[in-house]
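Structure data follow from run-v8.pdb (PDB, C-alpha atoms):
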```
ATOM      1  CA  MET A   1      -5.026  51.172 123.173  1.00  0.00           C
ATOM      2  CA  LEU A   2      -8.367  52.942 122.795  1.00  0.00           C
ATOM      3  CA  PHE A   3     -10.738  53.789 125.656  1.00  0.00           C
ATOM      4  CA  ASP A   4     -14.442  53.808 124.773  1.00  0.00           C
ATOM      5  CA  THR A   5     -15.704  55.858 127.693  1.00  0.00           C
ATOM      6  CA  HIS A   6     -19.427  55.408 126.966  1.00  0.00           C
ATOM      7  CA  ALA A   7     -21.077  52.307 125.487  1.00  0.00           C
ATOM      8  CA  HIS A   8     -24.336  50.536 126.369  1.00  0.00           C
ATOM      9  CA  TYR A   9     -23.617  46.812 126.112  1.00  0.00           C
ATOM     10  CA  ASP A  10     -26.598  46.153 128.379  1.00  0.00           C
ATOM     11  CA  ASP A  11     -28.785  47.208 125.420  1.00  0.00           C
ATOM     12  CA  GLN A  12     -30.897  44.518 123.765  1.00  0.00           C
ATOM     13  CA  ALA A  13     -29.140  45.260 120.470  1.00  0.00           C
ATOM     14  CA  PHE A  14     -26.276  43.126 121.831  1.00  0.00           C
ATOM     15  CA  ASP A  15     -28.358  40.197 123.087  1.00  0.00           C
ATOM     16  CA  ALA A  16     -27.167  37.874 120.299  1.00  0.00           C
ATOM     17  CA  ASP A  17     -23.405  38.348 120.694  1.00  0.00           C
ATOM     18  CA  ARG A  18     -22.693  40.500 123.768  1.00  0.00           C
ATOM     19  CA  ARG A  19     -20.120  38.287 125.479  1.00  0.00           C
ATOM     20  CA  GLU A  20     -18.304  37.300 122.296  1.00  0.00           C
ATOM     21  CA  LEU A  21     -18.064  40.931 121.245  1.00  0.00           C
ATOM     22  CA  LEU A  22     -16.782  42.164 124.602  1.00  0.00           C
ATOM     23  CA  SER A  23     -14.284  39.307 124.873  1.00  0.00           C
ATOM     24  CA  ALA A  24     -12.788  40.277 121.521  1.00  0.00           C
ATOM     25  CA  MET A  25     -12.350  43.997 122.208  1.00  0.00           C
ATOM     26  CA  PRO A  26      -8.673  43.863 123.297  1.00  0.00           C
ATOM     27  CA  ASP A  27      -7.907  42.150 119.983  1.00  0.00           C
ATOM     28  CA  HIS A  28      -9.408  45.218 118.282  1.00  0.00           C
ATOM     29  CA  ASN A  29      -7.128  47.612 120.214  1.00  0.00           C
ATOM     30  CA  VAL A  30      -9.934  48.591 122.613  1.00  0.00           C
ATOM     31  CA  GLY A  31      -8.455  48.234 126.069  1.00  0.00           C
ATOM     32  CA  LEU A  32     -11.097  49.872 128.280  1.00  0.00           C
ATOM     33  CA  ILE A  33     -14.858  50.428 128.147  1.00  0.00           C
ATOM     34  CA  VAL A  34     -17.257  52.164 130.541  1.00  0.00           C
ATOM     35  CA  ASN A  35     -20.865  50.944 130.398  1.00  0.00           C
ATOM     36  CA  PRO A  36     -23.282  53.446 131.987  1.00  0.00           C
ATOM     37  CA  GLY A  37     -26.624  52.295 133.299  1.00  0.00           C
ATOM     38  CA  CYS A  38     -29.866  54.089 132.405  1.00  0.00           C
ATOM     39  CA  THR A  39     -32.192  52.444 134.949  1.00  0.00           C
ATOM     40  CA  VAL A  40     -31.676  50.584 138.206  1.00  0.00           C
ATOM     41  CA  GLU A  41     -31.963  47.312 136.300  1.00  0.00           C
ATOM     42  CA  SER A  42     -29.545  48.266 133.515  1.00  0.00           C
ATOM     43  CA  SER A  43     -27.129  49.613 136.124  1.00  0.00           C
ATOM     44  CA  ARG A  44     -27.107  46.147 137.700  1.00  0.00           C
ATOM     45  CA  THR A  45     -26.434  44.628 134.273  1.00  0.00           C
ATOM     46  CA  ALA A  46     -23.588  47.088 133.722  1.00  0.00           C
ATOM     47  CA  MET A  47     -22.072  45.939 137.017  1.00  0.00           C
ATOM     48  CA  GLU A  48     -22.418  42.298 135.997  1.00  0.00           C
ATOM     49  CA  LEU A  49     -20.608  42.979 132.715  1.00  0.00           C
ATOM     50  CA  ALA A  50     -17.866  44.834 134.573  1.00  0.00           C
ATOM     51  CA  ALA A  51     -17.441  41.866 136.887  1.00  0.00           C
ATOM     52  CA  ALA A  52     -17.229  39.475 133.935  1.00  0.00           C
ATOM     53  CA  PHE A  53     -14.655  41.368 131.842  1.00  0.00           C
ATOM     54  CA  PRO A  54     -11.472  42.932 133.240  1.00  0.00           C
ATOM     55  CA  HIS A  55     -11.484  45.732 130.648  1.00  0.00           C
ATOM     56  CA  VAL A  56     -15.115  46.773 131.325  1.00  0.00           C
ATOM     57  CA  TYR A  57     -16.182  49.224 134.047  1.00  0.00           C
ATOM     58  CA  ALA A  58     -19.644  50.432 135.035  1.00  0.00           C
ATOM     59  CA  ALA A  59     -21.488  53.618 135.883  1.00  0.00           C
ATOM     60  CA  VAL A  60     -24.863  53.587 137.615  1.00  0.00           C
ATOM     61  CA  GLY A  61     -27.794  55.958 137.389  1.00  0.00           C
ATOM     62  CA  ILE A  62     -31.201  56.774 135.953  1.00  0.00           C
ATOM     63  CA  HIS A  63     -31.367  58.397 132.523  1.00  0.00           C
ATOM     64  CA  PRO A  64     -33.756  61.367 132.158  1.00  0.00           C
ATOM     65  CA  GLU A  65     -35.831  59.485 129.564  1.00  0.00           C
ATOM     66  CA  ASN A  66     -36.303  56.657 132.077  1.00  0.00           C
ATOM     67  CA  CYS A  67     -37.193  58.619 135.219  1.00  0.00           C
ATOM     68  CA  GLY A  68     -40.967  58.784 134.701  1.00  0.00           C
ATOM     69  CA  ASP A  69     -41.619  56.188 137.416  1.00  0.00           C
ATOM     70  CA  PHE A  70     -38.982  57.587 139.778  1.00  0.00           C
ATOM     71  CA  VAL A  71     -39.447  57.137 143.512  1.00  0.00           C
ATOM     72  CA  PRO A  72     -36.856  58.223 146.103  1.00  0.00           C
ATOM     73  CA  ALA A  73     -36.235  54.608 147.157  1.00  0.00           C
ATOM     74  CA  GLN A  74     -34.515  54.047 143.818  1.00  0.00           C
ATOM     75  CA  MET A  75     -31.700  56.315 144.955  1.00  0.00           C
ATOM     76  CA  GLU A  76     -30.921  53.911 147.778  1.00  0.00           C
ATOM     77  CA  GLU A  77     -30.523  51.165 145.200  1.00  0.00           C
ATOM     78  CA  ILE A  78     -28.262  53.379 143.084  1.00  0.00           C
ATOM     79  CA  ARG A  79     -26.256  54.308 146.197  1.00  0.00           C
ATOM     80  CA  ALA A  80     -25.659  50.647 147.017  1.00  0.00           C
ATOM     81  CA  LEU A  81     -24.638  49.834 143.450  1.00  0.00           C
ATOM     82  CA  ALA A  82     -22.343  52.865 143.252  1.00  0.00           C
ATOM     83  CA  GLN A  83     -20.159  51.528 146.043  1.00  0.00           C
ATOM     84  CA  SER A  84     -19.142  48.414 144.113  1.00  0.00           C
ATOM     85  CA  PRO A  85     -15.422  48.294 143.233  1.00  0.00           C
ATOM     86  CA  LYS A  86     -15.791  48.519 139.438  1.00  0.00           C
ATOM     87  CA  VAL A  87     -18.320  51.334 139.444  1.00  0.00           C
ATOM     88  CA  VAL A  88     -16.371  54.421 138.404  1.00  0.00           C
ATOM     89  CA  ALA A  89     -19.092  57.074 137.993  1.00  0.00           C
ATOM     90  CA  VAL A  90     -22.707  58.067 138.547  1.00  0.00           C
ATOM     91  CA  GLY A  91     -24.481  58.048 135.201  1.00  0.00           C
ATOM     92  CA  GLU A  92     -25.955  58.223 132.694  1.00  0.00           C
ATOM     93  CA  ILE A  93     -27.904  61.105 134.205  1.00  0.00           C
ATOM     94  CA  GLY A  94     -28.999  64.509 132.994  1.00  0.00           C
ATOM     95  CA  LEU A  95     -31.800  66.275 131.142  1.00  0.00           C
ATOM     96  CA  ASP A  96     -33.482  65.520 127.822  1.00  0.00           C
ATOM     97  CA  TYR A  97     -36.010  68.033 126.512  1.00  0.00           C
ATOM     98  CA  TYR A  98     -35.940  66.763 122.923  1.00  0.00           C
ATOM     99  CA  TRP A  99     -38.835  64.311 123.006  1.00  0.00           C
ATOM    100  CA  PRO A 100     -42.214  65.786 124.017  1.00  0.00           C
ATOM    101  CA  GLU A 101     -43.231  62.459 125.584  1.00  0.00           C
ATOM    102  CA  ASN A 102     -40.264  62.490 127.989  1.00  0.00           C
ATOM    103  CA  PRO A 103     -40.948  62.839 131.732  1.00  0.00           C
ATOM    104  CA  PRO A 104     -41.797  66.363 132.963  1.00  0.00           C
ATOM    105  CA  ARG A 105     -38.834  68.718 133.098  1.00  0.00           C
ATOM    106  CA  GLU A 106     -39.279  69.387 136.802  1.00  0.00           C
ATOM    107  CA  LEU A 107     -39.040  65.660 137.547  1.00  0.00           C
ATOM    108  CA  GLN A 108     -35.956  65.286 135.358  1.00  0.00           C
ATOM    109  CA  GLN A 109     -34.337  68.147 137.240  1.00  0.00           C
ATOM    110  CA  GLU A 110     -35.194  66.637 140.631  1.00  0.00           C
ATOM    111  CA  VAL A 111     -33.720  63.272 139.655  1.00  0.00           C
ATOM    112  CA  LEU A 112     -30.575  64.933 138.295  1.00  0.00           C
ATOM    113  CA  ARG A 113     -30.098  66.895 141.524  1.00  0.00           C
ATOM    114  CA  ARG A 114     -30.473  63.722 143.600  1.00  0.00           C
ATOM    115  CA  HIS A 115     -27.798  62.002 141.514  1.00  0.00           C
ATOM    116  CA  MET A 116     -25.475  64.993 141.756  1.00  0.00           C
ATOM    117  CA  ALA A 117     -25.861  64.978 145.539  1.00  0.00           C
ATOM    118  CA  LEU A 118     -25.067  61.260 145.617  1.00  0.00           C
ATOM    119  CA  ALA A 119     -21.958  61.771 143.487  1.00  0.00           C
ATOM    120  CA  GLN A 120     -20.842  64.502 145.871  1.00  0.00           C
ATOM    121  CA  GLU A 121     -21.447  62.225 148.854  1.00  0.00           C
ATOM    122  CA  LEU A 122     -19.475  59.334 147.333  1.00  0.00           C
ATOM    123  CA  ALA A 123     -16.791  61.487 145.668  1.00  0.00           C
ATOM    124  CA  LEU A 124     -17.559  59.989 142.252  1.00  0.00           C
ATOM    125  CA  PRO A 125     -17.600  61.778 138.890  1.00  0.00           C
ATOM    126  CA  VAL A 126     -20.812  62.014 136.882  1.00  0.00           C
ATOM    127  CA  ILE A 127     -21.704  61.292 133.259  1.00  0.00           C
ATOM    128  CA  ILE A 128     -24.158  63.884 131.950  1.00  0.00           C
ATOM    129  CA  HIS A 129     -26.670  63.473 129.122  1.00  0.00           C
ATOM    130  CA  ASP A 130     -27.720  66.921 127.861  1.00  0.00           C
ATOM    131  CA  ARG A 131     -30.119  67.113 124.934  1.00  0.00           C
ATOM    132  CA  GLU A 132     -31.787  70.443 124.166  1.00  0.00           C
ATOM    133  CA  ALA A 133     -31.326  71.362 127.851  1.00  0.00           C
ATOM    134  CA  HIS A 134     -28.032  73.242 127.915  1.00  0.00           C
ATOM    135  CA  ALA A 135     -29.072  76.136 130.180  1.00  0.00           C
ATOM    136  CA  ASP A 136     -30.761  73.977 132.803  1.00  0.00           C
ATOM    137  CA  CYS A 137     -27.956  71.390 132.829  1.00  0.00           C
ATOM    138  CA  LEU A 138     -25.393  74.121 133.342  1.00  0.00           C
ATOM    139  CA  ALA A 139     -27.489  75.740 136.079  1.00  0.00           C
ATOM    140  CA  ILE A 140     -27.623  72.467 138.022  1.00  0.00           C
ATOM    141  CA  VAL A 141     -23.886  71.912 137.531  1.00  0.00           C
ATOM    142  CA  ARG A 142     -23.348  75.316 139.149  1.00  0.00           C
ATOM    143  CA  GLU A 143     -25.363  74.175 142.191  1.00  0.00           C
ATOM    144  CA  PHE A 144     -22.779  71.431 142.870  1.00  0.00           C
ATOM    145  CA  PRO A 145     -19.337  73.056 142.566  1.00  0.00           C
ATOM    146  CA  ALA A 146     -17.620  70.122 144.273  1.00  0.00           C
ATOM    147  CA  VAL A 147     -18.851  67.616 141.656  1.00  0.00           C
ATOM    148  CA  ARG A 148     -16.790  66.905 138.545  1.00  0.00           C
ATOM    149  CA  GLY A 149     -17.970  65.096 135.491  1.00  0.00           C
ATOM    150  CA  VAL A 150     -18.168  64.724 131.753  1.00  0.00           C
ATOM    151  CA  PHE A 151     -20.770  65.914 129.282  1.00  0.00           C
ATOM    152  CA  HIS A 152     -20.999  62.924 126.988  1.00  0.00           C
ATOM    153  CA  CYS A 153     -21.765  63.481 123.285  1.00  0.00           C
ATOM    154  CA  PHE A 154     -21.192  67.182 123.953  1.00  0.00           C
ATOM    155  CA  SER A 155     -23.446  69.362 121.816  1.00  0.00           C
ATOM    156  CA  GLY A 156     -23.224  72.706 123.576  1.00  0.00           C
ATOM    157  CA  SER A 157     -21.603  75.942 122.481  1.00  0.00           C
ATOM    158  CA  ALA A 158     -17.973  76.944 122.778  1.00  0.00           C
ATOM    159  CA  GLU A 159     -19.025  79.357 125.521  1.00  0.00           C
ATOM    160  CA  MET A 160     -20.641  76.545 127.498  1.00  0.00           C
ATOM    161  CA  ALA A 161     -17.547  74.400 126.955  1.00  0.00           C
ATOM    162  CA  ARG A 162     -15.339  77.154 128.354  1.00  0.00           C
ATOM    163  CA  GLU A 163     -17.376  77.375 131.552  1.00  0.00           C
ATOM    164  CA  LEU A 164     -17.347  73.611 132.044  1.00  0.00           C
ATOM    165  CA  LEU A 165     -13.591  73.512 131.525  1.00  0.00           C
ATOM    166  CA  LYS A 166     -13.110  76.262 134.116  1.00  0.00           C
ATOM    167  CA  ARG A 167     -15.100  74.118 136.541  1.00  0.00           C
ATOM    168  CA  GLY A 168     -12.795  71.147 135.941  1.00  0.00           C
ATOM    169  CA  TRP A 169     -15.164  69.146 133.741  1.00  0.00           C
ATOM    170  CA  MET A 170     -14.403  66.960 130.725  1.00  0.00           C
ATOM    171  CA  LEU A 171     -16.072  66.819 127.315  1.00  0.00           C
ATOM    172  CA  SER A 172     -16.589  63.616 125.358  1.00  0.00           C
ATOM    173  CA  PHE A 173     -17.340  63.123 121.666  1.00  0.00           C
ATOM    174  CA  ASN A 174     -18.600  60.230 119.569  1.00  0.00           C
ATOM    175  CA  GLY A 175     -19.450  59.281 116.003  1.00  0.00           C
ATOM    176  CA  ALA A 176     -21.691  62.328 115.551  1.00  0.00           C
ATOM    177  CA  ILE A 177     -18.569  64.419 114.911  1.00  0.00           C
ATOM    178  CA  THR A 178     -17.971  62.420 111.711  1.00  0.00           C
ATOM    179  CA  PHE A 179     -21.377  63.301 110.214  1.00  0.00           C
ATOM    180  CA  LYS A 180     -21.525  65.720 107.278  1.00  0.00           C
ATOM    181  CA  ASN A 181     -23.793  68.105 109.176  1.00  0.00           C
ATOM    182  CA  ALA A 182     -21.488  68.276 112.227  1.00  0.00           C
ATOM    183  CA  ARG A 183     -20.571  71.929 112.724  1.00  0.00           C
ATOM    184  CA  LYS A 184     -20.615  72.988 116.367  1.00  0.00           C
ATOM    185  CA  ALA A 185     -18.748  70.029 117.898  1.00  0.00           C
ATOM    186  CA  PRO A 186     -15.709  70.275 115.554  1.00  0.00           C
ATOM    187  CA  GLU A 187     -15.457  73.987 116.407  1.00  0.00           C
ATOM    188  CA  VAL A 188     -15.480  73.150 120.128  1.00  0.00           C
ATOM    189  CA  ILE A 189     -12.920  70.367 119.652  1.00  0.00           C
ATOM    190  CA  ALA A 190     -10.593  72.741 117.817  1.00  0.00           C
ATOM    191  CA  GLU A 191     -10.652  75.106 120.785  1.00  0.00           C
ATOM    192  CA  ILE A 192     -10.511  72.950 123.908  1.00  0.00           C
ATOM    193  CA  PRO A 193      -7.288  71.586 125.447  1.00  0.00           C
ATOM    194  CA  LEU A 194      -6.346  68.006 124.640  1.00  0.00           C
ATOM    195  CA  ASP A 195      -6.219  67.001 128.297  1.00  0.00           C
ATOM    196  CA  ARG A 196      -9.976  67.645 128.653  1.00  0.00           C
ATOM    197  CA  LEU A 197     -11.123  65.416 125.777  1.00  0.00           C
ATOM    198  CA  MET A 198     -12.487  61.889 125.880  1.00  0.00           C
ATOM    199  CA  ILE A 199     -13.844  59.628 123.132  1.00  0.00           C
ATOM    200  CA  GLU A 200     -16.820  57.281 123.074  1.00  0.00           C
ATOM    201  CA  THR A 201     -19.204  55.400 120.819  1.00  0.00           C
ATOM    202  CA  ASP A 202     -22.531  55.588 122.711  1.00  0.00           C
ATOM    203  CA  ALA A 203     -23.003  52.115 121.206  1.00  0.00           C
ATOM    204  CA  PRO A 204     -25.303  50.844 119.830  1.00  0.00           C
ATOM    205  CA  TYR A 205     -26.192  54.368 118.665  1.00  0.00           C
ATOM    206  CA  LEU A 206     -24.541  57.071 116.511  1.00  0.00           C
ATOM    207  CA  THR A 207     -22.347  54.828 114.380  1.00  0.00           C
ATOM    208  CA  PRO A 208     -19.608  56.904 112.726  1.00  0.00           C
ATOM    209  CA  THR A 209     -19.359  57.635 109.022  1.00  0.00           C
ATOM    210  CA  PRO A 210     -18.902  55.638 106.774  1.00  0.00           C
ATOM    211  CA  PHE A 211     -20.818  52.949 108.694  1.00  0.00           C
ATOM    212  CA  ARG A 212     -23.987  54.894 109.588  1.00  0.00           C
ATOM    213  CA  GLY A 213     -26.992  52.594 109.675  1.00  0.00           C
ATOM    214  CA  ARG A 214     -25.112  49.708 111.254  1.00  0.00           C
ATOM    215  CA  ARG A 215     -25.198  48.797 114.923  1.00  0.00           C
ATOM    216  CA  ASN A 216     -22.427  50.699 116.644  1.00  0.00           C
ATOM    217  CA  ASP A 217     -19.840  49.072 118.912  1.00  0.00           C
ATOM    218  CA  SER A 218     -16.444  49.906 120.361  1.00  0.00           C
ATOM    219  CA  THR A 219     -14.537  48.654 117.319  1.00  0.00           C
ATOM    220  CA  TYR A 220     -15.588  51.914 115.637  1.00  0.00           C
ATOM    221  CA  VAL A 221     -14.232  54.245 118.329  1.00  0.00           C
ATOM    222  CA  HIS A 222     -10.978  54.633 116.396  1.00  0.00           C
ATOM    223  CA  LEU A 223     -12.931  56.650 113.807  1.00  0.00           C
ATOM    224  CA  VAL A 224     -13.760  59.212 116.493  1.00  0.00           C
ATOM    225  CA  ALA A 225     -10.088  59.467 117.446  1.00  0.00           C
ATOM    226  CA  GLU A 226      -9.137  59.864 113.797  1.00  0.00           C
ATOM    227  CA  ARG A 227     -11.624  62.705 113.266  1.00  0.00           C
ATOM    228  CA  ILE A 228     -10.328  64.510 116.355  1.00  0.00           C
ATOM    229  CA  ALA A 229      -6.800  64.027 115.041  1.00  0.00           C
ATOM    230  CA  GLN A 230      -7.824  65.708 111.768  1.00  0.00           C
ATOM    231  CA  ILE A 231      -9.366  68.650 113.605  1.00  0.00           C
ATOM    232  CA  LYS A 232      -6.392  69.059 115.941  1.00  0.00           C
ATOM    233  CA  GLY A 233      -3.695  68.444 113.329  1.00  0.00           C
ATOM    234  CA  LEU A 234      -2.306  65.455 115.201  1.00  0.00           C
ATOM    235  CA  SER A 235      -1.691  61.811 114.444  1.00  0.00           C
ATOM    236  CA  PRO A 236      -4.430  59.322 115.375  1.00  0.00           C
ATOM    237  CA  GLU A 237      -1.878  57.574 117.591  1.00  0.00           C
ATOM    238  CA  ALA A 238      -1.341  60.775 119.578  1.00  0.00           C
ATOM    239  CA  VAL A 239      -5.085  61.239 120.124  1.00  0.00           C
ATOM    240  CA  GLU A 240      -5.414  57.566 121.064  1.00  0.00           C
ATOM    241  CA  GLN A 241      -2.734  57.904 123.746  1.00  0.00           C
ATOM    242  CA  ILE A 242      -3.986  61.228 125.091  1.00  0.00           C
ATOM    243  CA  THR A 243      -7.621  60.124 125.372  1.00  0.00           C
ATOM    244  CA  TRP A 244      -6.558  56.822 126.947  1.00  0.00           C
ATOM    245  CA  GLU A 245      -4.705  58.690 129.657  1.00  0.00           C
ATOM    246  CA  ASN A 246      -7.522  61.234 130.091  1.00  0.00           C
ATOM    247  CA  GLY A 247     -10.124  58.507 130.527  1.00  0.00           C
ATOM    248  CA  LYS A 248      -8.075  56.568 133.054  1.00  0.00           C
ATOM    249  CA  ARG A 249      -7.380  59.715 135.059  1.00  0.00           C
ATOM    250  CA  PHE A 250     -10.987  60.876 134.984  1.00  0.00           C
ATOM    251  CA  PHE A 251     -12.447  57.537 136.067  1.00  0.00           C
ATOM    252  CA  GLY A 252      -9.646  56.748 138.522  1.00  0.00           C
ATOM    253  CA  ILE A 253      -8.585  53.540 136.769  1.00  0.00           C
ATOM    254  CA  ALA A 254      -5.049  52.473 137.594  1.00  0.00           C
TER
END
```

Would you mind writing the structure in this file as structure tokens?
Amino acid sequence: MLFDTHAHYDDQAFDADRRELLSAMPDHNVGLIVNPGCTVESSRTAMELAAAFPHVYAAVGIHPENCGDFVPAQMEEIRALAQSPKVVAVGEIGLDYYWPENPPRELQQEVLRRHMALAQELALPVIIHDREAHADCLAIVREFPAVRGVFHCFSGSAEMARELLKRGWMLSFNGAITFKNARKAPEVIAEIPLDRLMIETDAPYLTPTPFRGRRNDSTYVHLVAERIAQIKGLSPEAVEQITWENGKRFFGIA
């Protein structure tokens, strides 16, 4: 079975068929899904989906693009949500310097640090979003040596990957590695150990080739596994099994 370790089924793109789609996932060889929240509200929705489907788990947190109205009281809400049985991580959190209209960098960094401290307190892993913010993300990771996590949709250098691996972190990859212009990520994948890899869709975004332009969902995650298999010189079945086991171990799913 395949484990889609990062998909946003709380997104409005799934309003028309969310429950039907999630119900059918085991029939498409997708046995586990983690749905990370991006706001307090979407974190609650992620929890509701996890409660409704045995193969769905949740993460809770405030995405850097959504932290513009942050107030410290929101962390108490995230803390309460994070202690629910099917919440397996704090996320999606991180830094995003790509869009000029995003919240100020200092605020993003403050919110990330608060989430990292919460993860340390609750002994939960974190799911990191890092876009055009590699140095600052890595600097904050260094401030919390007891926290482990995953950089989802990893886009950093091989050197950055090596440091994260030394710190016990995981790296996750999605449909972007199938794009014609993908260069850095395949080089990183070729180098890193198999037991530190996870796969994801980031649905409804980043649909793999040859289906770019369509709404993404977990039925396409096999294309990510197949591309990793090509890079690593393995069978897709081997990558499927390895990433299934990695995801379960990382998120503490029995």

Q: Determine the residue set returned by the PyMOL selection byres ((chain A and resi 10-25) around 7) for the present structure, and present it as a PyMOL selection string.
A: chain A and resi 8-9+26-31+42+45-46+204

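Run against this file, the PyMOL selection byres ((chain A and resi 80) around 12) gives back Val40, Ser43, Arg44, Met47, Val60, Gly61, Ala73, Gln74, Met75, Glu76, Glu77, Ile78, Arg79, Leu81, Ala82, Gln83, Ser84, Pro85, Val87, Val90, Leu118 and Leu122 of chain A.
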
Q. Which residues come within 12 Å of Glu159 of chain A, counting all atoms listed in the file, excluding same-chain residues fewer than 5 positions away, as number ranges by chain?
A. A: 134-135, 138, 164-166, 184, 187-188, 191-192

File dump, residues just selected, C-alpha atoms, as an mmCIF file, keeping the file's coordinate frame:
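This is the output file again-v6.cif:
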```
data_model
loop_
_atom_site.group_PDB
_atom_site.id
_atom_site.type_symbol
_atom_site.label_atom_id
_atom_site.label_comp_id
_atom_site.auth_asym_id
_atom_site.auth_seq_id
_atom_site.Cartn_x
_atom_site.Cartn_y
_atom_site.Cartn_z
ATOM 1 C CA HIS A 134 -28.032 73.242 127.915
ATOM 2 C CA ALA A 135 -29.072 76.136 130.180
ATOM 3 C CA LEU A 138 -25.393 74.121 133.342
ATOM 4 C CA LEU A 164 -17.347 73.611 132.044
ATOM 5 C CA LEU A 165 -13.591 73.512 131.525
ATOM 6 C CA LYS A 166 -13.110 76.262 134.116
ATOM 7 C CA LYS A 184 -20.615 72.988 116.367
ATOM 8 C CA GLU A 187 -15.457 73.987 116.407
ATOM 9 C CA VAL A 188 -15.480 73.150 120.128
ATOM 10 C CA GLU A 191 -10.652 75.106 120.785
ATOM 11 C CA ILE A 192 -10.511 72.950 123.908
#
```

**Q.** Interatomic distance (Å, one decimal) between atom CA of His6 of chain A and atom CA of Gln108 of chain A
**A.** 21.0 Å

Q: Please indicate the distance in Å from atom CA of Asp4 of chain A to atom CA of Ile62 of chain A, rounded to one decimal place.
A: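 Between these atoms lies a distance of 20.4 Å.
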
Q) Nearest to Trp244 of chain A among A:Arg196, A:Met116, A:Arg227, A:Trp169, with distances taken over only C-alpha atoms: which residue is it? A) A:Arg196

Q) In Å, with one decimal, what is the gap from atom CA of Val141 of chain A to atom CA of Ala190 of chain A? A) 23.8 Å

(Q) Quick one: residues within 6 Å of Val126 of chain A, only C-alpha atoms, excluding same-chain residues fewer than 3 positions away - as a list in words? (A) Ala89, Val90, Gly91 and Gly149 of chain A

Reconstructed segment 57-69 of chain A, atom set N, CA and C atoms, as an mmCIF file, keeping the file's coordinate frame:
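File written: result23.cif
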```
data_model
loop_
_atom_site.group_PDB
_atom_site.id
_atom_site.type_symbol
_atom_site.label_atom_id
_atom_site.label_comp_id
_atom_site.auth_asym_id
_atom_site.auth_seq_id
_atom_site.Cartn_x
_atom_site.Cartn_y
_atom_site.Cartn_z
ATOM 1 N N TYR A 57 -15.796 48.576 132.794
ATOM 2 C CA TYR A 57 -16.182 49.224 134.047
ATOM 3 C C TYR A 57 -17.619 49.729 133.908
ATOM 4 N N ALA A 58 -18.233 50.044 135.037
ATOM 5 C CA ALA A 58 -19.644 50.432 135.035
ATOM 6 C C ALA A 58 -19.834 51.811 135.632
ATOM 7 N N ALA A 59 -20.929 52.454 135.199
ATOM 8 C CA ALA A 59 -21.488 53.618 135.883
ATOM 9 C C ALA A 59 -22.942 53.293 136.176
ATOM 10 N N VAL A 60 -23.497 53.924 137.204
ATOM 11 C CA VAL A 60 -24.863 53.587 137.615
ATOM 12 C C VAL A 60 -25.681 54.861 137.771
ATOM 13 N N GLY A 61 -26.929 54.789 137.288
ATOM 14 C CA GLY A 61 -27.794 55.958 137.389
ATOM 15 C C GLY A 61 -29.070 55.767 136.601
ATOM 16 N N ILE A 62 -29.911 56.793 136.640
ATOM 17 C CA ILE A 62 -31.201 56.774 135.953
ATOM 18 C C ILE A 62 -31.225 57.882 134.910
ATOM 19 N N HIS A 63 -31.354 57.488 133.670
ATOM 20 C CA HIS A 63 -31.367 58.397 132.523
ATOM 21 C C HIS A 63 -32.631 59.259 132.568
ATOM 22 N N PRO A 64 -32.555 60.518 132.106
ATOM 23 C CA PRO A 64 -33.756 61.367 132.158
ATOM 24 C C PRO A 64 -34.946 60.813 131.383
ATOM 25 N N GLU A 65 -34.712 60.078 130.308
ATOM 26 C CA GLU A 65 -35.831 59.485 129.564
ATOM 27 C C GLU A 65 -36.516 58.363 130.342
ATOM 28 N N ASN A 66 -35.809 57.824 131.344
ATOM 29 C CA ASN A 66 -36.303 56.657 132.077
ATOM 30 C C ASN A 66 -36.738 56.969 133.505
ATOM 31 N N CYS A 67 -36.917 58.252 133.823
ATOM 32 C CA CYS A 67 -37.193 58.619 135.219
ATOM 33 C C CYS A 67 -38.671 58.849 135.482
ATOM 34 N N GLY A 68 -39.542 58.512 134.534
ATOM 35 C CA GLY A 68 -40.967 58.784 134.701
ATOM 36 C C GLY A 68 -41.592 58.100 135.894
ATOM 37 N N ASP A 69 -41.068 56.928 136.273
ATOM 38 C CA ASP A 69 -41.619 56.188 137.416
ATOM 39 C C ASP A 69 -40.743 56.344 138.656
#
```
